[in-house]
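*Asks:* Following this line is upload_1.txt, made up of compact mmCIF, C-alpha atoms:
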```txt
# COMPACT_ATOMS: atom_id res chain seq x y z
CA LEU K 1 143.08 -63.41 79.32
CA GLY K 2 140.73 -61.59 81.69
CA VAL K 3 139.66 -59.23 78.90
CA ILE K 4 138.86 -62.13 76.57
CA ILE K 5 136.82 -63.92 79.25
CA ASN K 6 134.82 -60.77 80.04
CA PHE K 7 134.33 -60.13 76.34
CA MET K 8 133.04 -63.64 75.60
CA ARG K 9 130.60 -63.40 78.51
CA SER K 10 129.25 -60.08 77.25
CA LEU K 11 128.37 -61.46 73.82
CA LYS K 12 125.23 -63.04 75.27
CA HIS K 13 123.74 -59.55 75.59
CA ILE K 14 123.75 -59.02 71.81
CA ASP K 15 120.50 -59.57 69.93
CA TRP K 16 122.15 -61.60 67.18
CA LYS K 17 118.93 -62.60 65.42
CA ASN K 18 117.81 -58.99 65.11
CA TYR K 19 121.03 -57.78 63.48
CA ILE K 20 121.41 -60.81 61.23
CA TYR K 21 117.75 -60.70 60.16
CA LYS K 22 118.02 -57.01 59.27
CA LYS K 23 121.41 -57.61 57.62
CA ASN K 24 122.88 -54.74 59.57
CA GLU K 25 126.47 -55.97 59.64
CA ARG K 26 128.00 -52.57 60.31
CA LYS K 27 125.84 -51.99 63.38
CA LEU K 28 126.59 -55.52 64.60
CA PHE K 29 130.33 -54.95 64.23
CA THR K 30 130.05 -51.67 66.19
CA ILE K 31 128.21 -53.42 69.04
CA ILE K 32 130.77 -56.24 69.18
CA LEU K 33 133.62 -53.71 69.22
CA ASN K 34 131.91 -51.72 71.99
CA TYR K 35 131.59 -54.83 74.15
CA TYR K 36 135.27 -55.60 73.62
CA ARG K 37 136.15 -52.05 74.70
CA LEU K 38 133.86 -52.43 77.69
CA ALA K 39 135.55 -55.71 78.65
CA THR K 40 138.92 -53.94 78.51
CA LEU K 41 137.61 -51.08 80.65
CA GLU K 42 136.12 -53.42 83.23
CA TYR K 43 139.39 -55.36 83.39
CA ILE K 44 141.27 -52.14 84.18
CA ASN K 45 138.54 -51.54 86.78
CA PRO K 46 138.78 -47.79 87.41
CA LYS K 47 136.48 -46.17 89.94
CA ILE K 48 135.83 -43.15 87.71
CA VAL K 49 136.08 -42.43 83.98
CA ILE K 50 136.20 -38.76 82.93
CA THR K 51 135.81 -37.27 79.46
CA PHE K 52 135.84 -33.77 77.99
CA ILE K 53 134.10 -35.15 74.89
CA ASP K 54 130.58 -35.04 76.27
CA ASN K 55 128.98 -35.79 72.88
CA SER K 56 130.85 -39.09 72.45
CA GLU K 57 128.40 -41.85 71.52
CA LEU K 58 130.85 -44.45 72.85
CA PHE K 59 130.99 -42.71 76.23
CA HIS K 60 127.17 -42.59 76.32
CA TRP K 61 127.09 -46.34 75.61
CA PHE K 62 129.65 -47.05 78.35
CA SER K 63 127.67 -44.99 80.85
CA LYS K 64 124.52 -46.94 80.08
CA ASN K 65 126.02 -50.44 80.00
CA CYS K 66 128.54 -50.35 82.84
CA ASN K 67 127.05 -50.19 86.34
CA ASN K 68 130.15 -50.65 88.49
CA ILE K 69 132.05 -47.54 87.24
CA GLU K 70 131.12 -43.88 87.64
CA PHE K 71 131.24 -41.85 84.41
CA PHE K 72 131.82 -38.09 84.49
CA ALA K 73 131.34 -35.93 81.38
CA ILE K 74 132.39 -32.26 81.16
CA GLN K 75 130.58 -30.12 78.59
CA ASN K 76 133.10 -28.77 76.10
CA GLY K 77 130.80 -26.92 73.71
CA ASN K 78 127.33 -25.67 73.02
CA ARG K 79 124.95 -28.38 71.84
CA PRO K 80 122.68 -26.88 69.16
CA ASN K 81 119.17 -28.11 68.55
CA TRP K 82 120.09 -30.33 65.60
CA GLU K 83 122.71 -32.17 67.69
CA LEU K 84 120.34 -32.80 70.60
CA GLU K 85 117.78 -34.12 68.11
CA SER K 86 120.39 -36.43 66.56
CA PHE K 87 121.27 -38.28 69.78
CA SER K 88 119.68 -41.71 70.07
CA ARG K 89 117.21 -41.85 72.96
CA ASP K 90 117.89 -45.58 73.26
CA SER K 91 121.66 -45.30 73.79
CA PHE K 92 122.21 -41.79 75.20
CA HIS K 93 123.06 -41.83 78.90
CA LEU K 94 125.24 -39.74 81.20
CA LYS K 95 125.60 -40.57 84.87
CA HIS K 96 127.27 -37.31 85.88
CA TYR K 97 127.24 -34.25 83.62
CA PHE K 98 129.17 -31.07 84.46
CA CYS K 99 127.32 -28.66 82.18
CA PHE K 100 127.49 -24.93 81.49
CA GLY K 101 124.34 -24.05 83.41
CA ASN K 102 120.73 -24.80 84.29
CA TYR K 103 119.65 -23.69 80.83
CA ASP K 104 121.63 -26.54 79.28
CA ALA K 105 120.17 -29.00 81.79
CA ASP K 106 116.65 -27.86 80.86
CA ARG K 107 117.37 -28.32 77.16
CA PHE K 108 118.62 -31.90 77.65
CA LYS K 109 115.46 -32.65 79.64
CA LYS K 110 113.33 -31.06 76.92
CA TYR K 111 114.80 -33.48 74.36
CA ASN K 112 114.29 -36.46 76.73
CA LEU K 113 118.01 -37.24 76.97
CA LYS K 114 118.86 -39.40 79.97
CA VAL K 115 121.17 -37.66 82.46
CA ASP K 116 121.19 -38.91 86.05
CA ASN K 117 122.93 -35.94 87.66
CA PHE K 118 123.50 -32.40 86.38
CA TYR K 119 126.20 -30.15 87.84
CA PRO K 120 125.93 -26.59 86.41
CA ILE K 121 129.53 -25.33 86.79
CA GLY K 122 130.08 -23.08 83.74
CA SER K 123 132.71 -23.43 81.04
CA LEU K 124 135.97 -25.13 82.00
CA ASN K 125 137.93 -23.41 79.21
CA GLY K 126 136.30 -20.09 80.04
CA SER K 127 137.28 -20.41 83.70
CA ILE K 128 140.89 -21.21 82.74
CA ILE K 129 141.09 -18.04 80.63
CA LEU K 130 139.37 -15.93 83.30
CA ASN K 131 141.86 -17.19 85.89
CA GLU K 132 144.76 -16.27 83.59
CA VAL K 133 143.35 -12.76 83.10
CA GLU K 134 142.76 -12.21 86.82
CA ASN K 135 146.31 -13.35 87.60
CA GLY K 136 147.73 -10.89 85.06
CA ASN K 137 149.04 -13.58 82.72
CA LEU K 138 146.81 -12.47 79.81
CA ILE K 139 146.04 -8.95 78.64
CA ASN K 140 142.43 -8.15 77.78
CA ASN K 141 142.93 -5.45 75.12
CA ASN K 142 141.62 -4.53 71.66
CA LYS K 143 144.41 -5.21 69.18
CA TYR K 144 141.76 -6.12 66.59
CA ASP K 145 138.43 -4.46 65.86
CA ILE K 146 136.80 -7.81 65.07
CA CYS K 147 137.57 -11.44 65.74
CA PHE K 148 135.75 -13.96 63.58
CA VAL K 149 135.72 -17.37 65.23
CA SER K 150 135.78 -20.13 62.64
CA SER K 151 133.42 -23.00 63.36
CA ALA K 152 132.95 -24.88 60.09
CA THR K 153 134.78 -27.95 58.82
CA LEU K 154 135.06 -27.59 55.07
CA ASP K 155 135.51 -31.26 54.23
CA THR K 156 132.33 -32.63 55.79
CA LYS K 157 130.05 -34.97 53.85
CA ALA K 158 127.16 -32.90 52.63
CA ASN K 159 123.60 -33.54 53.70
CA GLU K 160 120.57 -31.30 54.02
CA ILE K 161 121.59 -29.95 57.43
CA THR K 162 125.28 -29.34 56.68
CA MET K 163 124.51 -27.75 53.30
CA ASP K 164 122.12 -25.25 54.92
CA TYR K 165 124.66 -24.45 57.61
CA TYR K 166 127.56 -23.90 55.20
CA LEU K 167 125.49 -21.75 52.85
CA SER K 168 124.56 -19.56 55.82
CA TYR K 169 128.15 -19.59 57.07
CA GLU K 170 129.60 -18.58 53.70
CA LEU K 171 127.14 -15.70 53.38
CA ILE K 172 128.19 -14.37 56.79
CA ILE K 173 131.87 -14.49 55.78
CA LYS K 174 131.22 -12.67 52.50
CA TYR K 175 129.27 -9.91 54.26
CA LEU K 176 132.12 -9.60 56.77
CA ALA K 177 134.74 -9.35 54.00
CA LYS K 178 132.75 -6.55 52.37
CA PHE K 179 132.37 -4.75 55.71
CA ILE K 180 136.05 -4.74 56.69
CA GLU K 181 137.07 -3.49 53.24
CA GLU K 182 134.48 -0.72 53.21
CA PHE K 183 135.12 0.55 56.76
CA ASN K 184 138.85 -0.26 56.99
CA VAL K 185 138.65 -2.23 60.26
CA THR K 186 141.14 -4.78 61.53
CA LEU K 187 140.10 -8.42 61.55
CA ALA K 188 141.54 -11.56 63.09
CA VAL K 189 140.23 -15.01 62.18
CA ALA K 190 140.63 -17.62 64.90
CA LEU K 191 141.04 -20.80 62.85
CA ARG K 192 139.23 -23.90 64.04
CA LEU K 193 141.48 -26.70 62.82
CA ASP K 194 144.88 -27.60 64.25
CA LYS K 195 147.40 -28.29 61.47
CA ARG K 196 149.20 -30.79 63.72
CA VAL K 197 146.02 -32.88 63.97
CA SER K 198 144.44 -32.29 60.53
CA PRO K 199 147.13 -30.88 58.21
CA ARG K 200 145.13 -31.23 54.99
CA LEU K 201 141.87 -29.82 56.34
CA SER K 202 143.72 -27.08 58.20
CA LYS K 203 145.34 -25.95 54.95
CA LEU K 204 141.95 -25.97 53.21
CA GLU K 205 140.50 -23.78 55.95
CA LYS K 206 143.39 -21.31 55.86
CA ASP K 207 143.42 -21.09 52.05
CA HIS K 208 139.67 -20.54 52.04
CA PHE K 209 139.84 -17.55 54.39
CA ASP K 210 142.83 -16.17 52.50
CA PHE K 211 140.75 -16.27 49.33
CA ILE K 212 137.66 -14.68 50.93
CA PHE K 213 139.46 -11.86 52.76
CA SER K 214 142.21 -11.28 50.17
CA LYS K 215 144.93 -11.07 52.83
CA ASN K 216 142.96 -8.35 54.70
CA ALA K 217 142.73 -10.47 57.82
CA GLU K 218 145.24 -11.98 60.22
CA LEU K 219 144.68 -15.71 60.37
CA VAL K 220 145.55 -17.11 63.79
CA GLU K 221 146.43 -20.79 63.69
CA ARG K 222 144.85 -23.15 66.20
CA ASN K 223 147.09 -23.97 69.14
CA LYS K 224 145.52 -25.10 72.42
CA LEU K 225 143.55 -22.05 73.65
CA SER K 226 144.63 -19.71 70.83
CA SER K 227 141.03 -18.85 69.88
CA TYR K 228 140.44 -17.52 73.40
CA TYR K 229 143.66 -15.50 73.35
CA THR K 230 142.64 -13.93 70.02
CA ALA K 231 139.16 -13.20 71.34
CA LEU K 232 140.65 -11.34 74.32
CA LYS K 233 142.59 -9.10 71.93
CA SER K 234 139.45 -8.11 69.99
CA ASP K 235 136.73 -5.52 70.50
CA VAL K 236 133.88 -7.52 68.94
CA LEU K 237 133.52 -11.29 68.48
CA ILE K 238 131.52 -12.61 65.53
CA GLY K 239 130.64 -16.20 64.79
CA SER K 240 128.04 -18.81 64.04
CA GLY K 241 127.53 -21.85 66.24
CA THR K 242 130.68 -21.39 68.33
CA THR K 243 130.76 -21.63 72.11
CA ILE K 244 133.57 -19.08 72.37
CA LEU K 245 131.15 -16.21 71.79
CA ALA K 246 129.15 -17.03 74.92
CA GLU K 247 132.38 -17.53 76.86
CA GLY K 248 133.71 -14.23 75.49
CA PHE K 249 130.54 -12.48 76.64
CA GLY K 250 131.26 -13.81 80.12
CA LEU K 251 134.70 -12.19 79.86
CA GLY K 252 133.14 -8.81 79.06
CA LYS K 253 133.43 -8.88 75.27
CA LYS K 254 130.87 -7.61 72.78
CA ILE K 255 129.54 -10.44 70.65
CA MET K 256 127.44 -10.97 67.52
CA TYR K 257 125.89 -14.35 66.86
CA CYS K 258 124.97 -14.79 63.19
CA ASP K 259 122.59 -17.26 61.56
CA VAL K 260 121.09 -16.25 58.22
CA SER K 261 119.56 -19.64 57.50
CA ASP K 262 115.81 -20.22 57.57
CA ARG K 263 116.17 -23.04 60.09
CA LYS K 264 116.00 -22.95 63.88
CA ILE K 265 118.25 -25.95 64.46
CA PHE K 266 121.70 -24.34 64.40
CA HIS K 267 121.24 -22.33 67.58
CA ASP K 268 119.12 -22.23 70.70
CA HIS K 269 119.34 -18.51 71.38
CA ASN K 270 116.52 -16.04 71.82
CA SER K 271 115.97 -13.94 68.69
CA ILE K 272 116.80 -10.78 70.67
CA ILE K 273 120.53 -11.66 70.58
CA LEU K 274 120.68 -13.25 67.14
```
As C-alpha cells, what does this structure read like?
*Replies:*
Amino acid sequence: LGVIINFMRSLKHIDWKNYIYKKNERKLFTIILNYYRLATLEYINPKIVITFIDNSELFHWFSKNCNNIEFFAIQNGNRPNWELESFSRDSFHLKHYFCFGNYDADRFKKYNLKVDNFYPIGSLNGSIILNEVENGNLINNNKYDICFVSSATLDTKANEITMDYYLSYELIIKYLAKFIEEFNVTLAVALRLDKRVSPRLSKLEKDHFDFIFSKNAELVERNKLSSYYTALKSDVLIGSGTTILAEGFGLGKKIMYCDVSDRKIFHDHNSIIL
C-alpha cells in the first residue's frame, strides 16, 4: 500500500499536457514506470544504492529525482565519444562516480554531464585480476601469441554509427585472419557474449569467428572474468573499443588498439597509440 501511495503522489510531477500534446505515448509510459520504480525504491528506503552499470539511464534518472538516497556508480567500461554524446543532458546525473581516473572525469566534464563527486580509483575488474596474479592464483604467461578481444554484438539494429563501427570491426578481423595464416601465430579469441545469458547471439558470435578464422583460432567462451584470464595468457592483445586492452596494459601486456573507420567517435585515444 505504501508503494501505491508514494506512486500516486509522484504522478503530479509529470507534465501530462506536454506528453499528450506531442502524442509521445512511449515516453509517457517510460516516465510513469520510472516513478513507480522510484516509489518502490523509496518504500524500501535504503541509505545507499550501488550499481556496476554506470551507463544505466534508469540509474541516472533515480540519482537525479531521489534526494534522500545516496547513489554510487562504479565505472565498468570505457565510455567512447559517441556514448558520451548520446547521454541526455537533461536526465543524466550521478551523485557519486567511482571512475577509472582523472582523464575520465575530465571527459565527462567536457561533455557537460552532471556528476557531483568523482572518485578516480581505477578499474575494479582490473584490480581483482591484479590481486589474483600477485597472490599467485593466476599465471601471467604467453600461451597464445595474440588475444583478440571481441567487442561487437552482431545482432544490433543498424544505424549510421553501428554500421560504421561494424564495417571497421570486420575489416580488422579479416586482416587479423590473414596475418595469423601467413605468419603461423597462435590466436585466442575472447568471446564477448555469455551463452547462458544470450544463447542465440552467443552462437552467432562463435559461428562468425569460426567462419572468419577457419578453425585457426581458439575461441574462449565468456564466463565471468574469462576474457581477463585469456588476456593474461597472451603476448599481445588486439581489439577495438574494449576496456580490457587498457586494463591489460596496466598488467604489463602489449596492446594494439585498432580503429580503421574515418570517424573519431569510437575511441578517445591519442593517435600515437591507435
*Asks:* Just how far from atom CA of Asn142 of chain K is atom CA of Ile172 of chain K, in Å to one decimal?
*Replies:*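 Separation between atom CA of Ile172 of chain K and atom CA of Asn142 of chain K: 22.3 Å.
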*Asks:* Which one of K:Lys12, K:Gly77, K:Lys114, K:Arg222 sits closest to Trp61 of chain K if you count only C-alpha atoms?
*Replies:*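 Closest candidate: K:Lys114.
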*Asks:* Using all atoms listed in the file, which of the listed residues (K:Ile173, K:Gln75, K:Gly126, K:Phe87) sits closest to Ala105 of chain K?
*Replies:* K:Gln75
*Asks:* Taking 5 positions as the minimum chain separation for residues in the same chain, which residues sit within 10 Å of Ala188 of chain K when counting all atoms listed in the file? Answer as a PyMOL selection string.
*Replies:* chain K and resi 143-149+216-220+227+230-231+233-234+237
*Asks:* Pick out the closest residue to Ser226 of chain K from this set: K:Phe98, K:Ile53, K:Val189, K:Leu251. Count all atoms listed in the file.
*Replies:*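 Of K:Phe98, K:Ile53, K:Val189, K:Leu251, the one nearest Ser226 of chain K, counting all atoms listed in the file, is K:Val189.
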*Asks:* Just how far from atom CA of Leu94 of chain K is atom CA of Val3 of chain K, in Å to one decimal?
*Replies:*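 Here the two named atoms are 24.4 Å from each other.
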*Asks:* In terms of the shortest atom-to-atom distance over all atoms listed in the file, which of K:Ile48, K:Ile5, K:Ile180, K:Leu124 is closest to Ser214 of chain K?
*Replies:*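 Counting all atoms listed in the file, the residue closest to Ser214 of chain K is K:Ile180.
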